[in-house]
Amino acid sequence: MAAPDASSAISGLAAARLWAAARYPYLASGVFGARVVAAPGIGTVAVDPGWRLWADPELTANWTAAELGSVIVHHVCHLLREHGPRAGLAGVRPDEARTWIRSADAEINDDLVPAGLTLPGDPVLPSHLGCPAGQLTEQYFTATRGRPTGPGQPGAGDGDTPAGGRGNGGELDCGSGSDGFGRPWESGQPPVLPLWQARLLQRLVAQQVLAGKQAGDVPTGMLRWAADILAPKVDWRRALAAELRKAVADTAGAVDYSYRRPSRRAAAVGNVVLPALRRPVPEVAVVCDTSGSMSDDLLAASLAEVEGLLGALGLVRSLRVLACDTAVGPVRRVSSARQVELVGGGGTDMGAGIAAASALRPRPAVIVVLTDGYTPWPDGPPRGSKVVVGLLGDEAPDAPDWARAIRVPGVG
Amino acid sequence: MAESGRAARQRAAAEALGVAVAARVPVLLWGAPGTGKTSAIRAMARAMDWPCETVIASIREPSDFAGLPVVIGQDVRFAPPAWARRLAEAGHGLLFLDELSTAPPAVQAALLRVVLERVVGDLELPPDVAVVAAANPPEQAADGWDLSAPLANRLCHLPWDVDPLAVADGLAAGFPAPEVPILPEGWEAEQHLALALVAAFLHARPALASAPPTDATSAGRGWPSPRTWEMTARLWAASGAAGVSGEARSALVVGAVGDGAGAEFLAWLMEMDLPDPEAVLADPRSFRLPKRADRAYAAVAAVAAVVESDPTPQRWQAGWQVLGLAANSAPDVAAVAARVLARCRPDGVPLPAEVRLFAPVLRDAGLLHG
């Protein structure tokens with residue numbers, strides 16, 4: 001009888017996978033998606049980005065089903081959380097691979113170990129890195145970067161391929177699926193799952209994780225991961241940039257043609273008067289909430305972002321800033337966000353700020369409001385201006401429907 | 001070492017570009033400035049021996065695409081510019097719209113008819129003119145605009161993410177031109193099949209038939225609409241006829257209808273390959289276990305799930321028969337489903353013989369109680 005994959009050389013694999021699928025039903029598709037390959041002599045169990053799990057049969061022979069199953073779950077999580085590609089994005093150097101893998105291990109283990117993961121040996125937990133639990137690999141990595149990783153550091157002698165096996169402080173090497181650097185035993189085999197199928201499997205697992213939510217035994221870290229996969233969060237800077245560009249483009253594109261100036265192509269046509277393309281330069285006003293509940297850092301960060309964006313659009317000349325709590329401070333034309341003084345206190349009414357902004361002459365085409373959201377809003381948009389609202393902080397209430405709102409999460 | 005993800009994506013994008021050109025679907029390459037989009041497209045045209053007209057949208061006026069009005073007697077004609085006339089005379093060729101995202105909104109509006117219907121002024125370009133565009137993501141181009149949603153909806157968006165190693169090789173040995181496959185005669189007949197697939201999918205997920213983007217960030221990329229679904233069907237048929245890799249086919253689908261809807265469609269297609277669980281229960285002997293373990297798991301889990309939803313004695317026993325067939329080659333996969341069946345045993349039905357098959361693996365996994 002043909003086995004579904006070349007896994008027969010690893011004894012107890014079927015029981016291990018069954019243990020894993022029974023313990024973590026929401027990860028079962030992922031557990032069965034990885035193909036386990038016997039790789040005698042590598043001294044570890046490792047994954048590659050193509051969903052192949054390399055296991056040294058000698059090492060795994062003494063493991064219980066729960067231990068081998070846990071190692072499979074752990075490695076599948078490396079793949080699901082894309083630790084290999086993320087290492088490349090984080091700029092991990094080969095000699096830092098060990099630190100990266102430990103950080104990635106901590107990201108996986110911090111909520112799966114409490115949920116019953118039984119890894120052989122001493123699994124890396126955030127507390128071992130001196131960090132609070134529930135963070136991302138990148139955060140653990142930044143916190144531990146540059147610290148010695150114990151005896152037998154890879155990279156000390158063997159260049160860009162951290163040698164496999166033990167010897168690295170007794171920990172197992174998780175393979176290129178966890179840090180993106182190729183391993184000697186990966187001999188150019190085609191991936192088990194091509195990228196697009198791996199992505200589909202990742203989404204499928206994410207859907208099953210969320211479906212398992214009702215059962216109530218899915219760790220919150222997994223739920224957060226799944227929600228991120230299915231509805232990726234857009235960086236607020238990108239979102240703010242896109243909304244600002246759109247508001248400016250709508251205004252700039254609104255009055256396209258003008259007969260005030262003849263078209264430069266009129267000469268070609270003779271008797272027809274052609275309109276010239278006119279692009280009005282929109283005026284922009286920024287209303288800053290300066291009430292007591294605002295966080296200065298966040299306001300400064302978002303104001304600097306707005307300023308940078310307007311600079312990129314060539315509009316910084318016309319930036320006007322209004323400080324506002326319940327009353328509106330004097331309008332200042334500034335050339336840099338640093339010049340903005342935030343004086344204020346007490347209550348908040350952004351309506352006053354918006355009204356003051358739209359009363360400016362020339363009338364601003366775009367009004368950017370930076371607030372924590374705890375404010376009354378006018379019933380409708382001001383005439384002739386588009387409003388983009390930056391909601392600062394994690395718990396800001398929603399902005400009204402007539403404005404385009406961007407959430408700026410708190411500095412974490 | 002296995003090929004890096006980036007290199008695989010890049011190769012898939014080049015393959016997908018070739019298919020889109022062969023199928024005459026307007027395609028847009030997104031990539032950072034200076035990553036060889038322009039040279040790849042020009043090299044492709046050279047390799048096909050097709051004329052390539054490069055038009056940089058950002059330095060054009062709307063009248064260049066809508067036609068320049070000329071008074072002739074009582075009529076106003078909209079005269080096409082020279083590049084359009086040249087393409088029309090050649091009868092075929094590439095119309096390459098470079099720097100699309102730096103075109104101001106008014107020019108983007110004028111491009112709408114050019115991109116999809118290939119109409120410039122009063123001139124309709126011949127059907128063998130393929131429209132290819134390139135753009136920098138607005139956050140990378142100094143004076144970029146987001147593509148307007150209607151224009152974005154007329155294009156298949158492909159990411160052009162350059163692999164550093166490929167650059168190194170290309171500098172030394174020259175960049176390979178993306179290959180435009182020659183589609184076999186009559187491939188367009190396949191389109192009906194692809195359209196039927198898309199239609200069946202949209203029956204299952206009607207919400208995805210048309211989902212205009214709600215936020216400005218995603219407005220400039222592919223999004224599902226009847227037009228892009230039709231485009232998807234055409235690309236699906238063409239890529240099947242050209243025999244390109246799965247990676248390229250998925251890039252084309254995602255490029256046409258966007259990330260979310262594209263992934264849903266691809267996942268649904270893979271689900272279609274699984275045996276229908278009700279048909280399997282009606283005739284357990286017909287069951288063939290898929291080779292890949294995760295697909296096998298999906299197949300037996302589906303069978304167990306339909307039994308659990310309506311556990312009549314007859315269906316329950318048929319379910320065990322299916323698992324018995326699967327137990328030999330994939331005992332772990334089948335045992336997961338066996339635990340589901342064991343939970344929903346109808347009253348008074350004796351345990352089937354297949355149960356014994358799972359005892360060893362369940363015991364090894366420490367899951368056998370009592």
# chains A, B, ... in the order shown; residues from 1 in each chain; ligands from 1
$ residues_around --residues "stretch 20-32 of chain B" --least-positions-apart "2" --cutoff "6 Å" --atoms "only C-alpha atoms" --output "count of residues only"
15
$ select_by_dssp --residues "stretch 109-322 of chain B" --states "alpha helix (DSSP H)" --output "PyMOL selection string"
chain B and resi 109-117+149-152+164-173+190-204+216-219+226-242+246-257+259-272+277-282+293-309+313-322
$ atom_distance --atom1 "atom CA of B:Thr38" --atom2 "atom CA of B:Asp98"
7.5 Å
$ atom_distance --atom1 "atom CA of B:Pro138" --atom2 "atom CA of A:Val248"
13.7 Å
$ interface_residues --of "chain A" --to "chain B" --cutoff "6 Å" --atoms "only C-alpha atoms" --output "ChimeraX atom specification"
/A:3-4,14-15,18-19,29,32-33,65,182,186-188,196,239,242-243,253,269
$ residues_around --residues "B:Thr228" --least-positions-apart "4" --cutoff "9 Å" --atoms "only C-alpha atoms" --output "compact mmCIF listing (two decimals) with N, CA and C atoms, in the first residue's frame"
# COMPACT_ATOMS: atom_id res chain seq x y z
N ASN B 153 -10.10 48.77 -11.86
CA ASN B 153 -10.99 47.65 -12.15
C ASN B 153 -10.87 47.15 -13.59
N ARG B 154 -10.16 47.89 -14.43
CA ARG B 154 -10.04 47.45 -15.82
C ARG B 154 -8.73 46.72 -16.08
N LEU B 155 -7.93 46.51 -15.03
CA LEU B 155 -6.59 45.96 -15.23
C LEU B 155 -6.38 44.73 -14.35
N CYS B 156 -5.49 43.85 -14.83
CA CYS B 156 -5.03 42.76 -13.97
C CYS B 156 -3.73 43.21 -13.33
N GLY B 222 -6.76 45.53 -7.63
CA GLY B 222 -7.85 44.76 -8.18
C GLY B 222 -8.97 44.59 -7.17
N TRP B 223 -10.22 44.60 -7.63
CA TRP B 223 -11.35 44.33 -6.74
C TRP B 223 -12.45 43.65 -7.53
N PRO B 224 -13.25 42.85 -6.83
CA PRO B 224 -14.22 42.03 -7.57
C PRO B 224 -15.38 42.84 -8.13
N THR B 232 -11.24 37.31 -15.08
CA THR B 232 -10.67 36.14 -14.40
C THR B 232 -10.93 34.88 -15.21
N ALA B 233 -12.16 34.74 -15.69
CA ALA B 233 -12.49 33.54 -16.47
C ALA B 233 -11.63 33.46 -17.71
N ALA B 256 -6.60 40.05 -10.82
CA ALA B 256 -7.83 40.55 -11.43
C ALA B 256 -8.85 40.96 -10.38
N VAL B 257 -9.08 40.11 -9.36
CA VAL B 257 -10.18 40.40 -8.43
C VAL B 257 -9.71 40.78 -7.04
$ select_by_dssp --residues "stretch 113-201 of chain B" --states "strand (DSSP E)" --output "JSON, numbers by chain"
{"B": [119, 120, 123, 124, 128, 129, 130, 131, 132, 133, 134, 135, 156, 157, 158, 159]}
$ residues_around --residues "B:Glu53" --least-positions-apart "6" --cutoff "8 Å" --atoms "only C-alpha atoms" --output "ChimeraX atom specification"
/B:83,87,93-96
$ closest_residue --among "B:Met48, B:Leu100, B:Leu193, B:Leu183" --to "B:Arg60" --atoms "only C-alpha atoms"
B:Leu100
$ residues_around --residues "B:Pro311" --least-positions-apart "2" --cutoff "8 Å" --atoms "only C-alpha atoms" --output "count of residues only"
9
